[in-house]
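Peer 1: Please see the structure below; I have some questions.
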Amino acid sequence: MTTVLVIAGTDSSGGAGLTRDVATLTHLGVEAQCAVTAVTAQTDREATAVELLPPRLVRAQISAALATRRAGAIKIGMLGSGEIVEAVADSLPPPSRLPLVVDPVLAASSGRELLDRPGRVALMQRLLPRVTLLTPNLEEAAVLLASATATADAEIVAQGQALCARGAAAVLLKGGHAGGPLATDWLITRDGCVRQFSVSRLVARRRGTGCALAAAIAAGLASGLALDAACAQAKAHVTELLQTAR
């Protein structure tokens, strides 16, 4: 079977994190390997506890997973700290070998910080130049760029281009938390391509949609889909999740 290595934290509620990643991959017919970065105690309302794993153990998990079976792609979610970002970056295969999808998990839905300031710096310096696709929402993109949250289309495109200029091969800026009748994600690539993926905005709320989107994109890339096709497939999957949440 096609395999994706997921590097992320657990969520005791099952709504996000590794649980959501594995469920997404299984739904799409892709096998999962896992490297746990953190254990969190969460409900749908708050994150009550967070414990980061030792960086050496994170590194050992990645090494063991890659030695056991060849992955078709890697998806990275919660990292927690600068030390773990560095450990992950040191453990990744060369960029040309595997597609790498990074969901920059900066905070829980309740607002609790899930990546410290050194981790954000290390993400930009060590991981961004290696990513096939970065999948921030508009607020996360603004934090990473130390900028105001984009609202107008031109601002969204400019922030995607700025992240590409910092090293990302492509960025998918998620507009699910924005306003308007359409929920639009923007795919911006280093070579100048700009594409929108839009669906009618649903009156629904579900945790873990960012995790699901990035995992579904990684599944598509691992299965041989082009980047835009993988993004379209993932958008459809998340829309289905939100429809069932209604």
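Here, A, B, ... name the chains of the structure tokens in the order displayed, residue numbers run from 1 inside each chain, and ligands are numbered from 1 in the same displayed order.
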Might you pull out every residue within 10 Å of Ala38 (chain A), with only C-alpha atoms counted and same-chain residues fewer than 5 positions away left off, and present them as a list in words?

Peer 2: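 The contact residues come out as Ile7, Ala8, Gly9, Thr10, Asp11, Gly17, Val50, Glu51, Leu52, Leu53, Pro54, Val58, Met78, Leu79, Gly80, Ser81, Ile84 and Leu114 of chain A.
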
Peer 1: Would you please work out which residue, of A:Gln233, A:Ala60, A:Glu113, A:Pro55, is nearest to Thr40 (chain A) when using only C-alpha atoms?

Peer 2: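 Closest to Thr40 (chain A), using only C-alpha atoms: A:Glu113.
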
Peer 1: So which residues touch region 190-193 of chain A within 9 Å, counting only C-alpha atoms, skipping near sequence neighbours fewer than 5 positions away, as a list in words?

Peer 2: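 Result of the neighbour search: Gln161, Leu163, Cys164, Ala165, Gly167, Ala168, Ala169, Ala170 and Val171 of chain A.
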
Peer 1: Find the spatial neighbours of Arg70 (chain A), counting only C-alpha atoms, within a cut-off of 9 Å - ignore same-chain residues fewer than 6 positions away - and output them as a list in words.

Peer 2: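 So, after excluding close chain neighbours, the residues are Thr2, Thr3 and Val4 of chain A.
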
Peer 1: List every residue of region 65-142 of chain A that DSSP, applied to the backbone of this structure, assigns to helix (DSSP H, G or I), and report them as an NGL selection string.

Peer 2: :A and (65-68 or 82-91 or 117-130 or 138-142)

Peer 1: Mind giving me the straight-line distance from CA of Gln196 (chain A) to CA of Leu173 (chain A) in Å, one decimal?

Peer 2: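 Between CA of Gln196 (chain A) and CA of Leu173 (chain A) the gap is 9.6 Å.
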
Peer 1: Write down as a ChimeraX atom specification the residues belonging to region 8-231 of chain A that are assigned strand (DSSP E) by DSSP computed on the backbone.

Peer 2: /A:8-11,31-42,47-52,73-76,100-102,133-134,170-173,182-189,194-200

Peer 1: Go ahead and save the picked residues with N, CA and C atoms, as a short mmCIF file (atom, residue, chain, number, x, y, z; two decimals), in the first residue's frame.

Peer 2:
```
data_model
loop_
_atom_site.label_atom_id
_atom_site.label_comp_id
_atom_site.auth_asym_id
_atom_site.auth_seq_id
_atom_site.Cartn_x
_atom_site.Cartn_y
_atom_site.Cartn_z
N ALA A 8 3.57 14.23 14.22
CA ALA A 8 2.60 15.15 14.82
C ALA A 8 2.34 14.75 16.27
N GLY A 9 1.48 15.52 16.93
CA GLY A 9 1.11 15.25 18.31
C GLY A 9 -0.22 14.52 18.40
N THR A 10 -0.47 13.91 19.54
CA THR A 10 -1.75 13.25 19.77
C THR A 10 -2.76 14.23 20.35
N ASP A 11 -4.03 13.90 20.23
CA ASP A 11 -5.12 14.71 20.78
C ASP A 11 -6.08 13.72 21.43
N GLU A 31 -1.84 3.92 3.86
CA GLU A 31 -1.37 3.44 5.14
C GLU A 31 -0.58 4.53 5.86
N ALA A 32 -0.61 4.52 7.19
CA ALA A 32 0.07 5.55 7.98
C ALA A 32 1.20 4.96 8.80
N GLN A 33 2.31 5.69 8.84
CA GLN A 33 3.35 5.49 9.84
C GLN A 33 3.34 6.74 10.71
N CYS A 34 3.71 6.61 11.98
CA CYS A 34 3.58 7.73 12.89
C CYS A 34 4.85 7.96 13.71
N ALA A 35 5.21 9.21 13.88
CA ALA A 35 6.23 9.64 14.83
C ALA A 35 5.58 10.68 15.72
N VAL A 36 5.45 10.38 17.01
CA VAL A 36 4.74 11.25 17.94
C VAL A 36 5.69 12.32 18.47
N THR A 37 5.26 13.58 18.41
CA THR A 37 6.07 14.69 18.91
C THR A 37 5.62 15.17 20.28
N ALA A 38 4.33 14.99 20.58
CA ALA A 38 3.78 15.51 21.82
C ALA A 38 2.51 14.74 22.17
N VAL A 39 2.19 14.73 23.45
CA VAL A 39 0.93 14.16 23.93
C VAL A 39 0.14 15.32 24.53
N THR A 40 -1.08 15.51 24.04
CA THR A 40 -1.91 16.60 24.55
C THR A 40 -3.21 16.06 25.13
N ALA A 41 -3.68 16.72 26.17
CA ALA A 41 -5.01 16.44 26.73
C ALA A 41 -5.92 17.56 26.25
N GLN A 42 -6.90 17.23 25.40
CA GLN A 42 -7.77 18.24 24.82
C GLN A 42 -9.22 17.77 24.83
N ALA A 47 -7.38 22.93 25.45
CA ALA A 47 -6.24 22.05 25.65
C ALA A 47 -5.81 22.22 27.10
N THR A 48 -5.89 21.16 27.90
CA THR A 48 -5.65 21.26 29.33
C THR A 48 -4.23 20.87 29.73
N ALA A 49 -3.54 20.11 28.88
CA ALA A 49 -2.17 19.71 29.21
C ALA A 49 -1.42 19.37 27.93
N VAL A 50 -0.13 19.69 27.91
CA VAL A 50 0.72 19.38 26.77
C VAL A 50 2.07 18.89 27.30
N GLU A 51 2.50 17.72 26.84
CA GLU A 51 3.82 17.20 27.19
C GLU A 51 4.57 16.88 25.90
N LEU A 52 5.72 17.51 25.72
CA LEU A 52 6.53 17.26 24.53
C LEU A 52 7.43 16.05 24.76
N ALA A 73 5.22 9.93 1.05
CA ALA A 73 5.21 11.35 1.39
C ALA A 73 5.32 11.46 2.91
N ILE A 74 5.64 12.66 3.38
CA ILE A 74 5.70 12.94 4.81
C ILE A 74 4.78 14.12 5.10
N LYS A 75 3.99 14.00 6.16
CA LYS A 75 3.14 15.09 6.62
C LYS A 75 3.55 15.47 8.03
N ILE A 76 3.81 16.75 8.26
CA ILE A 76 4.22 17.24 9.57
C ILE A 76 3.14 18.13 10.14
N LEU A 100 6.97 16.68 0.96
CA LEU A 100 6.85 17.05 2.36
C LEU A 100 5.76 18.11 2.51
N VAL A 101 4.70 17.77 3.24
CA VAL A 101 3.59 18.70 3.50
C VAL A 101 3.67 19.10 4.97
N VAL A 102 3.74 20.40 5.21
CA VAL A 102 3.86 20.91 6.58
C VAL A 102 2.65 21.77 6.92
N LEU A 133 4.86 21.66 0.21
CA LEU A 133 3.68 22.50 0.41
C LEU A 133 3.55 22.86 1.88
N LEU A 134 3.36 24.15 2.15
CA LEU A 134 3.04 24.66 3.48
C LEU A 134 1.56 25.01 3.49
N ALA A 170 5.73 25.69 -2.46
CA ALA A 170 4.34 26.10 -2.69
C ALA A 170 3.67 26.30 -1.34
N VAL A 171 2.63 27.13 -1.35
CA VAL A 171 1.87 27.44 -0.15
C VAL A 171 0.39 27.33 -0.48
N LEU A 172 -0.37 26.68 0.40
CA LEU A 172 -1.82 26.66 0.30
C LEU A 172 -2.35 27.48 1.47
N LEU A 173 -2.81 28.69 1.19
CA LEU A 173 -3.35 29.57 2.22
C LEU A 173 -4.83 29.26 2.41
N LEU A 182 -18.07 32.24 0.13
CA LEU A 182 -17.23 31.15 -0.33
C LEU A 182 -16.08 30.90 0.63
N ALA A 183 -15.75 29.64 0.83
CA ALA A 183 -14.54 29.25 1.57
C ALA A 183 -13.48 28.95 0.52
N THR A 184 -12.50 29.83 0.42
CA THR A 184 -11.52 29.75 -0.66
C THR A 184 -10.13 29.51 -0.10
N ASP A 185 -9.45 28.51 -0.66
CA ASP A 185 -8.04 28.27 -0.39
C ASP A 185 -7.24 28.71 -1.61
N TRP A 186 -6.07 29.26 -1.36
CA TRP A 186 -5.22 29.80 -2.43
C TRP A 186 -3.95 28.99 -2.54
N LEU A 187 -3.71 28.39 -3.71
CA LEU A 187 -2.46 27.67 -3.97
C LEU A 187 -1.53 28.61 -4.73
N ILE A 188 -0.38 28.89 -4.13
CA ILE A 188 0.59 29.80 -4.71
C ILE A 188 1.93 29.06 -4.77
N THR A 189 2.54 29.01 -5.93
CA THR A 189 3.78 28.27 -6.10
C THR A 189 4.94 29.20 -6.39
N VAL A 194 -0.89 30.76 -9.46
CA VAL A 194 -1.87 31.09 -8.43
C VAL A 194 -3.19 30.42 -8.82
N ARG A 195 -3.74 29.60 -7.90
CA ARG A 195 -5.00 28.92 -8.19
C ARG A 195 -5.89 28.94 -6.95
N GLN A 196 -7.18 29.09 -7.17
CA GLN A 196 -8.14 29.10 -6.07
C GLN A 196 -8.94 27.80 -6.05
N PHE A 197 -9.26 27.35 -4.83
CA PHE A 197 -10.16 26.22 -4.62
C PHE A 197 -11.29 26.74 -3.73
N SER A 198 -12.49 26.85 -4.28
CA SER A 198 -13.60 27.47 -3.55
C SER A 198 -14.80 26.53 -3.47
N VAL A 199 -15.47 26.56 -2.32
CA VAL A 199 -16.75 25.89 -2.13
C VAL A 199 -17.65 26.85 -1.36
N SER A 200 -18.94 26.62 -1.41
CA SER A 200 -19.85 27.44 -0.63
C SER A 200 -19.56 27.24 0.85
#
```

Peer 1: Leaving out Glu139 (chain A) and any residue of its chain fewer than 4 positions from it, which residues lie within 9 Å of it when counting only C-alpha atoms, given as an MDAnalysis selection string?

Peer 2: chainID A and resid 143:144 148:150 177

Peer 1: Just give me the gap between CA of Ser63 (chain A) and CA of Pro94 (chain A) in Å, one decimal is fine.

Peer 2: 13.4 Å

Peer 1: Considering only C-alpha atoms, return as a PDB file with C-alpha atoms, in the first residue's frame whatever protein or nucleic-acid residues lie within 10 Å of Gly82 (chain A), sequence-local ones (same chain, fewer than 6 positions apart) excluded.

Peer 2:
```pdb
ATOM      1  CA  PRO A  55      13.812  15.244  20.683  1.00  0.00           C
ATOM      2  CA  VAL A  88      12.820  16.545  12.723  1.00  0.00           C
ATOM      3  CA  LEU A 115       4.732  25.842  18.938  1.00  0.00           C
ATOM      4  CA  ASP A 116       7.032  28.115  20.926  1.00  0.00           C
ATOM      5  CA  ARG A 117       8.834  31.135  19.494  1.00  0.00           C
ATOM      6  CA  PRO A 118      12.151  29.301  18.900  1.00  0.00           C
ATOM      7  CA  GLY A 119      10.115  26.635  17.132  1.00  0.00           C
ATOM      8  CA  ARG A 120       8.581  29.186  14.784  1.00  0.00           C
ATOM      9  CA  VAL A 121      12.024  30.556  13.949  1.00  0.00           C
ATOM     10  CA  ALA A 122      13.394  27.058  13.362  1.00  0.00           C
ATOM     11  CA  LEU A 123      10.372  26.153  11.210  1.00  0.00           C
TER      12      LEU A 123
END
```

Peer 1: Applying 7 Å and only C-alpha atoms, which residues near Pro136 (chain A) remain after dropping the ones on its own chain fewer than 3 positions away? List them as a list in words.

Peer 2: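 Within the cut-off, the hits are Asp103, Pro104, Glu140, Ala141, Leu172, Leu173 and Lys174 of chain A.
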
Peer 1: Here is a test: counting only C-alpha atoms, which residue of A:Arg166, A:Arg112, A:Arg205, A:His237 is nearest to Pro129 (chain A)?

Peer 2: A:Arg166

Peer 1: One decimal, Å: what's the distance from CA of Ala229 (chain A) over to CA of Pro99 (chain A), could you say?

Peer 2: 14.3 Å
